[in-house]
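Take a look at the structure below.
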Amino acid sequence: MENGKTENGDTQPPPQWKDKVVELLYWRDVKTSGVVFGAGLSLLLSLTLCSIVSVSSYIALALLSVTICFRIYKGILQAIQKSDEGHPFKLYLDQDVGLSEETVHKYSDCALARFNTTVIELRRLFLVEDLVDSLKFAVLMWILTYVGALFNGLDLLILGLVGLFSFPIIYEKYKVQIDHYVGMANKQVKDIIATVQAKVPGLKRVKAD
């Protein structure tokens, strides 16, 4: 693997980015993970009560209140002390926050590769290249109709966020037990599929010519 590309030529995000995400989800730095989790959860819970326009406006107002008050405070302090420290946010104002062309190309290539892979896989499922895989996909969609009836999009996002910050550390702690039960479940599912394939004609991995 060279320059963030796989053997198939697909562009991948840099390893440092992945390492940071892993550290975040596994709570390696409790303070950072707690801040990110708390901020994300608060934002999603706010969206359940107010519109995204209202939430965005409140966040912007809160941030502006802090920065304006701090700017005035530092200005008064400099006037009293007769110091010339300059703008209190000069360090951040001088930083380059724009995205470079290289960064945009790198991540757009990665997104394009993922998109193309998804489109090819959906074409394979909807055009029944493999009958068993298409049936599995149909069962998944049927299950999702019930999930959609119980939860809306925001509920799923909240559950997903909680799961992202909970399951990795739970799995790390109880890896042996979880792997054992998952293995048993997979074996039972494979046995059921094999039994159905053996009894129902035409379900044996029929692929399009």
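We name chains A, B, ... following the order of the structure tokens; residues begin at 1 in each chain, and ligands are numbered from 1 as shown.
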*So which residues of range 15-194 of chain A fall under alpha helix (DSSP H) by DSSP, listed as a ChimeraX atom specification?*
/A:15-25,30-49,52-81,90-93,101-126,131-150,153-173,175-194
*range 185-202 of chain A: which residues within 12 Å, counting only C-alpha atoms, same-chain residues fewer than 4 positions away excluded, as a list in words?*
Asp130, Leu131, Val132, Asp133, Leu135, Lys136, Ile178, Asp179, His180, Tyr181, Val206 and Lys207 of chain A
Selected residues written out with N, CA, C and O atoms, as a short mmCIF file (atom, residue, chain, number, x, y, z; two decimals), in the first residue's frame:
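Written out: selection-v8.cif:
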data_model
loop_
_atom_site.label_atom_id
_atom_site.label_comp_id
_atom_site.auth_asym_id
_atom_site.auth_seq_id
_atom_site.Cartn_x
_atom_site.Cartn_y
_atom_site.Cartn_z
N ASP A 130 -26.83 -12.51 -7.73
CA ASP A 130 -26.78 -13.65 -6.82
C ASP A 130 -28.12 -13.69 -6.08
O ASP A 130 -28.45 -12.77 -5.33
N LEU A 131 -28.91 -14.72 -6.30
CA LEU A 131 -30.27 -14.80 -5.75
C LEU A 131 -30.28 -14.77 -4.23
O LEU A 131 -31.09 -14.08 -3.61
N VAL A 132 -29.34 -15.49 -3.60
CA VAL A 132 -29.31 -15.55 -2.14
C VAL A 132 -28.99 -14.18 -1.54
O VAL A 132 -29.64 -13.74 -0.59
N ASP A 133 -28.00 -13.50 -2.11
CA ASP A 133 -27.64 -12.18 -1.60
C ASP A 133 -28.79 -11.19 -1.78
O ASP A 133 -29.05 -10.35 -0.92
N LEU A 135 -31.97 -11.94 -1.81
CA LEU A 135 -32.99 -12.28 -0.81
C LEU A 135 -32.60 -11.77 0.57
O LEU A 135 -33.45 -11.28 1.32
N LYS A 136 -31.33 -11.86 0.91
CA LYS A 136 -30.85 -11.32 2.19
C LYS A 136 -31.10 -9.81 2.24
O LYS A 136 -31.53 -9.27 3.27
N ILE A 178 -18.10 -11.99 23.65
CA ILE A 178 -18.87 -11.51 22.49
C ILE A 178 -18.53 -12.32 21.25
O ILE A 178 -19.43 -12.73 20.50
N ASP A 179 -17.25 -12.58 21.02
CA ASP A 179 -16.84 -13.37 19.86
C ASP A 179 -17.43 -14.78 19.91
O ASP A 179 -17.82 -15.33 18.88
N HIS A 180 -17.51 -15.32 21.12
CA HIS A 180 -18.07 -16.67 21.28
C HIS A 180 -19.54 -16.71 20.86
O HIS A 180 -19.96 -17.56 20.06
N TYR A 181 -20.33 -15.76 21.37
CA TYR A 181 -21.76 -15.76 21.06
C TYR A 181 -22.03 -15.35 19.61
O TYR A 181 -22.96 -15.87 18.97
N VAL A 206 -27.50 -19.09 -7.31
CA VAL A 206 -27.72 -18.94 -8.74
C VAL A 206 -27.24 -17.56 -9.16
O VAL A 206 -27.72 -16.55 -8.68
N LYS A 207 -26.28 -17.50 -10.07
CA LYS A 207 -25.71 -16.24 -10.53
C LYS A 207 -26.05 -16.00 -11.98
O LYS A 207 -26.19 -16.93 -12.77
#
*Skipping near chain neighbours, those fewer than 4 positions away, what residues fall within 8 Å of Val55 in chain A using only C-alpha atoms, listed as a list in words?*
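Once the nearby chain positions are removed, what remains is Leu43, Ser46, Leu47, Cys50, Ser51 and Ile59 of chain A.
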With only C-alpha atoms as the counted atoms, please give the residues lying no more than 10 Å from range 169-174 of chain A, apart from itself and same-chain residues fewer than 4 positions off, as a PDB file with N, CA and C atoms, in the first residue's frame.
ATOM      1  N   LEU A  25     -13.036   6.861  19.775  1.00  0.00           N
ATOM      2  CA  LEU A  25     -14.117   5.923  20.059  1.00  0.00           C
ATOM      3  C   LEU A  25     -13.780   4.964  21.203  1.00  0.00           C
ATOM      4  N   TYR A  26     -12.484   4.706  21.405  1.00  0.00           N
ATOM      5  CA  TYR A  26     -12.084   3.811  22.493  1.00  0.00           C
ATOM      6  C   TYR A  26     -11.755   4.578  23.779  1.00  0.00           C
ATOM      7  N   TRP A  27     -12.056   5.872  23.800  1.00  0.00           N
ATOM      8  CA  TRP A  27     -11.892   6.703  24.999  1.00  0.00           C
ATOM      9  C   TRP A  27     -10.466   6.652  25.537  1.00  0.00           C
ATOM     10  N   ARG A  28      -9.471   6.708  24.628  1.00  0.00           N
ATOM     11  CA  ARG A  28      -8.071   6.729  25.073  1.00  0.00           C
ATOM     12  C   ARG A  28      -7.794   8.017  25.845  1.00  0.00           C
ATOM     13  N   GLY A 163     -24.086   4.275  20.335  1.00  0.00           N
ATOM     14  CA  GLY A 163     -23.463   2.996  20.011  1.00  0.00           C
ATOM     15  C   GLY A 163     -22.003   3.139  19.621  1.00  0.00           C
ATOM     16  N   LEU A 164     -21.690   4.174  18.841  1.00  0.00           N
ATOM     17  CA  LEU A 164     -20.303   4.399  18.403  1.00  0.00           C
ATOM     18  C   LEU A 164     -19.360   4.602  19.579  1.00  0.00           C
ATOM     19  N   PHE A 165     -19.848   5.295  20.606  1.00  0.00           N
ATOM     20  CA  PHE A 165     -18.996   5.580  21.753  1.00  0.00           C
ATOM     21  C   PHE A 165     -19.137   4.542  22.877  1.00  0.00           C
ATOM     22  N   ILE A 178     -18.105 -11.985  23.651  1.00  0.00           N
ATOM     23  CA  ILE A 178     -18.870 -11.510  22.488  1.00  0.00           C
ATOM     24  C   ILE A 178     -18.533 -12.317  21.248  1.00  0.00           C
ATOM     25  N   ASP A 179     -17.248 -12.576  21.021  1.00  0.00           N
ATOM     26  CA  ASP A 179     -16.836 -13.374  19.856  1.00  0.00           C
ATOM     27  C   ASP A 179     -17.431 -14.781  19.911  1.00  0.00           C
TER      28      ASP A 179
END
